[in-house]
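Below is one structure, written out as structure tokens, with a few remarks after it.
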Amino acid sequence: MGMSRRTLPEELLMLALDPATGTTAQPQSLDLGLAGAQLVELALAGRIAPDGDRIAVVVPRPTGDPTLDCALELLRRRGAPVRAVHWIGGPRLGLRQTYLSHLERCGMVAAVPGQMCGVLPTTRYQASDTTISREIRGRLDSAIRTGVPPDPRTAALAALAHAVGLGKHLYPGNEGRSSRSRLRDLIRHDPMGGMVAHAVMDVQNGVAAQPRRGQAAPGRPAGPGAGEPARGVPMQPQHGPMARVAAH
């Protein structure tokens, strides 16, 4: 898997960055979305595959992306397929900051230090090249506007953006209502992305449903809520120093 292509977690994070404030929209649910985006990216790379509502490692070979490979190794160590909702709901240690730091190292964002209330140090992140953000956003806009079925990567990105609540950030107000509705509808164009997106929404709703044998999770409605970490799920270790306070 060549990693010159931007990964889904990176693209989801770029979508969430507010160009005016340098903060990330929906920070709490975004952490869940980034964990879900890792699963979809690994599936697109052929390393994992859905097994009902569970995730199974099918090719444990590293991808070359350290953060994705960490997730792949943790999945491999489980030894058996894991429910997507349990994996996504597990404790996270700095996953959002890990990706923000990575985007900074790649030159895609620039860190801008500041202070909260004139005392607490904070860091905001501004896109270094707005053409990248516009290209990512343009793919969603095109899929929404034309109604043409998007490629699996764009469909998964749309599903994750809807799941973490970025619809109101990307298409605000009453004028954006139809676009938000169509963004939600794009979830059906990628089965893996749809399953993961529903798992993200389930975690936010505190759903601890029993496994549904032999089926993914198509078409279940879900709304925003407070998610609780599942017990007994391995943590995502953080990579590199976390010297800056994550953007909120």
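For the structure tokens, the naming scheme is as follows: chains receive sequential letters (A, B, ...) according to their order of presentation, residues are indexed from 1 within each chain, and ligands are indexed from 1 in presentation order.
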Just list as a count of residues only whatever in range 8-235 of chain A DSSP marks as helix (DSSP H, G or I). 119
For Arg188 in chain A, find every residue with an atom within 9 Å (counting only C-alpha atoms), except residues of its own chain fewer than 2 positions away, and show them as a PyMOL selection string.
chain A and resi 155+159+184-186+190-191+193-194+218-219
Okay, now the selection with N, CA, C and O atoms, as a compact mmCIF listing (two decimals), in the first residue's frame?
# COMPACT_ATOMS: atom_id res chain seq x y z
N ALA A 155 -17.27 7.94 -0.44
CA ALA A 155 -18.48 7.51 0.25
C ALA A 155 -18.21 7.26 1.73
O ALA A 155 -19.00 7.65 2.59
N ALA A 159 -19.75 9.20 4.98
CA ALA A 159 -20.39 8.47 6.06
C ALA A 159 -19.80 8.85 7.41
O ALA A 159 -20.52 9.07 8.39
N ARG A 184 -25.87 12.43 4.47
CA ARG A 184 -26.26 11.23 5.22
C ARG A 184 -26.59 10.08 4.28
O ARG A 184 -26.22 8.94 4.54
N ASP A 185 -27.23 10.38 3.17
CA ASP A 185 -27.64 9.32 2.25
C ASP A 185 -26.46 8.66 1.55
O ASP A 185 -26.58 7.51 1.09
N LEU A 186 -25.31 9.35 1.48
CA LEU A 186 -24.14 8.77 0.82
C LEU A 186 -23.60 7.57 1.58
O LEU A 186 -22.77 6.82 1.05
N ASP A 190 -20.98 2.72 0.45
CA ASP A 190 -19.81 1.93 0.85
C ASP A 190 -20.17 1.10 2.07
O ASP A 190 -20.31 1.64 3.17
N PRO A 191 -20.33 -0.22 1.93
CA PRO A 191 -20.77 -1.06 3.06
C PRO A 191 -19.86 -0.97 4.28
O PRO A 191 -20.34 -0.89 5.41
N GLY A 193 -17.71 1.50 5.09
CA GLY A 193 -17.84 2.82 5.67
C GLY A 193 -19.15 2.99 6.40
O GLY A 193 -19.21 3.62 7.47
N GLY A 194 -20.22 2.42 5.85
CA GLY A 194 -21.51 2.50 6.50
C GLY A 194 -21.54 1.76 7.82
O GLY A 194 -22.07 2.26 8.82
N PRO A 218 -26.83 -1.97 8.24
CA PRO A 218 -27.37 -1.03 7.27
C PRO A 218 -28.58 -0.28 7.79
O PRO A 218 -29.45 -0.85 8.43
N GLY A 219 -28.62 1.04 7.52
CA GLY A 219 -29.84 1.79 7.63
C GLY A 219 -30.42 2.01 9.00
O GLY A 219 -31.55 2.41 9.11
Find the residues of range 34-132 of chain A that sit at most 7 Å from range 6-12 of chain A; for each, write down the nearest two atoms and how far apart they are in Å, to one decimal. Count only C-alpha atoms. Sort by chain, then by number going up, and give it as CSV.
residue,atom,partner,partner_atom,distance
A:Leu34,CA,A:Pro9,CA,5.1
A:Ala37,CA,A:Pro9,CA,5.1
A:Gln38,CA,A:Pro9,CA,6.2
A:Glu41,CA,A:Leu8,CA,6.1
A:Tyr99,CA,A:Glu10,CA,6.7
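Considering only range 67-229 of chain A, backbone DSSP assigns strand (DSSP E or B) to A:Val82, A:Arg83, A:Arg92, A:Val109, A:Ala110, A:Ala111, A:Val112, A:Pro113, A:Gly114, A:Gln115, A:Met116, A:Leu120, A:Pro121, A:Thr122, A:Thr123, A:Arg124, A:Tyr125, A:Gln126, A:Ala127.
Counting only C-alpha atoms, Thr154 in chain A has the following residues at most 9 Å away, ignoring those fewer than 2 positions along the same chain: Leu8, Ile136, Arg139, Leu140, Ala143, Pro150, Asp151, Pro152, Ala156, Leu157, Ala158, Ala159, Leu186 and Asp190 of chain A.
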N, CA and C atoms of the current selection, written as a CSV table (one decimal), in the first residue's frame:
chain,number,residue,atom,x,y,z
A,8,LEU,N,-7.8,8.3,5.1
A,8,LEU,CA,-9.1,8.8,5.5
A,8,LEU,C,-9.1,9.5,6.9
A,136,ILE,N,-10.6,18.1,-1.0
A,136,ILE,CA,-11.3,17.1,-0.1
A,136,ILE,C,-12.8,17.5,-0.1
A,139,ARG,N,-14.9,16.9,-3.3
A,139,ARG,CA,-15.3,15.6,-3.6
A,139,ARG,C,-16.7,15.3,-3.0
A,140,LEU,N,-16.9,15.8,-1.7
A,140,LEU,CA,-18.2,15.7,-1.1
A,140,LEU,C,-19.2,16.5,-1.8
A,143,ALA,N,-20.4,14.9,-5.0
A,143,ALA,CA,-21.2,13.7,-4.8
A,143,ALA,C,-22.6,14.1,-4.4
A,150,PRO,N,-20.5,8.0,-5.5
A,150,PRO,CA,-19.0,8.3,-5.4
A,150,PRO,C,-18.2,7.1,-5.3
A,151,ASP,N,-16.9,7.2,-5.4
A,151,ASP,CA,-16.0,6.1,-5.2
A,151,ASP,C,-16.0,5.7,-3.7
A,152,PRO,N,-15.6,4.5,-3.4
A,152,PRO,CA,-15.7,4.0,-2.0
A,152,PRO,C,-15.0,4.9,-1.0
A,156,ALA,N,-17.1,6.6,2.0
A,156,ALA,CA,-16.7,6.4,3.4
A,156,ALA,C,-16.4,7.7,4.2
A,157,LEU,N,-15.8,8.6,3.5
A,157,LEU,CA,-15.5,9.9,4.1
A,157,LEU,C,-16.8,10.6,4.4
A,158,ALA,N,-17.8,10.6,3.5
A,158,ALA,CA,-19.1,11.2,3.7
A,158,ALA,C,-19.8,10.5,4.9
A,159,ALA,N,-19.7,9.2,5.0
A,159,ALA,CA,-20.4,8.5,6.1
A,159,ALA,C,-19.8,8.9,7.4
A,186,LEU,N,-25.3,9.3,1.5
A,186,LEU,CA,-24.1,8.8,0.8
A,186,LEU,C,-23.6,7.6,1.6
A,190,ASP,N,-21.0,2.7,0.5
A,190,ASP,CA,-19.8,1.9,0.9
A,190,ASP,C,-20.2,1.1,2.1
For this session: Find the residues around Pro50 in chain A up to 9 Å (only C-alpha atoms counted), leave out those fewer than 2 positions away in its own chain, and share them as a PyMOL selection string.
Result: chain A and resi 43+48+52-57+81+84+192+195+216
Counting only C-alpha atoms, closest pick from A:Arg61, A:His86, A:Gly107, A:Arg77 relative to Val196 in chain A is A:His86
List as a VMD selection string the protein and nucleic acid residues near Pro113 in chain A, meaning an atom at most 9 Å away when only C-alpha atoms are counted, but skip any in the same chain fewer than 6 places from it.
chain A and resid 121 to 125 244
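Here CA of Leu166 in chain A stands at a distance of 18.4 Å from CA of His189 in chain A.
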Pairwise distance, CA of Cys106 in chain A with CA of Met14 in chain A, equals 12.8 Å
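With only C-alpha atoms taken into account, the protein and nucleic acid residues at most 10 Å from Asp141 in chain A (excluding it and anything under 3 positions from it in its own chain) are Arg134, Glu135, Ile136, Arg137, Gly138, Ile144, Arg145, Thr146, Gly147, Ala158, Leu170, Tyr171, Ser179, Arg182 and Leu183 of chain A.
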Kindly export the residues of the current selection with C-alpha atoms, as a PDB file, in the first residue's frame.
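See again_8.pdb below for the written result:
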ATOM      1  CA  ARG A 134     -10.815  22.492  -1.068  1.00  0.00           C
ATOM      2  CA  GLU A 135     -10.108  19.290  -3.002  1.00  0.00           C
ATOM      3  CA  ILE A 136     -11.348  17.108  -0.140  1.00  0.00           C
ATOM      4  CA  ARG A 137     -14.451  19.250   0.360  1.00  0.00           C
ATOM      5  CA  GLY A 138     -15.012  19.376  -3.403  1.00  0.00           C
ATOM      6  CA  ILE A 144     -23.985  15.699  -3.085  1.00  0.00           C
ATOM      7  CA  ARG A 145     -24.664  17.980  -6.029  1.00  0.00           C
ATOM      8  CA  THR A 146     -24.559  15.483  -8.898  1.00  0.00           C
ATOM      9  CA  GLY A 147     -26.093  12.448  -7.240  1.00  0.00           C
ATOM     10  CA  ALA A 158     -19.097  11.192   3.735  1.00  0.00           C
ATOM     11  CA  LEU A 170     -19.798  21.799   6.432  1.00  0.00           C
ATOM     12  CA  TYR A 171     -23.348  22.788   5.401  1.00  0.00           C
ATOM     13  CA  SER A 179     -27.028  19.009   1.601  1.00  0.00           C
ATOM     14  CA  ARG A 182     -27.788  14.025   0.990  1.00  0.00           C
ATOM     15  CA  LEU A 183     -24.519  13.709   2.929  1.00  0.00           C
TER      16      LEU A 183
END
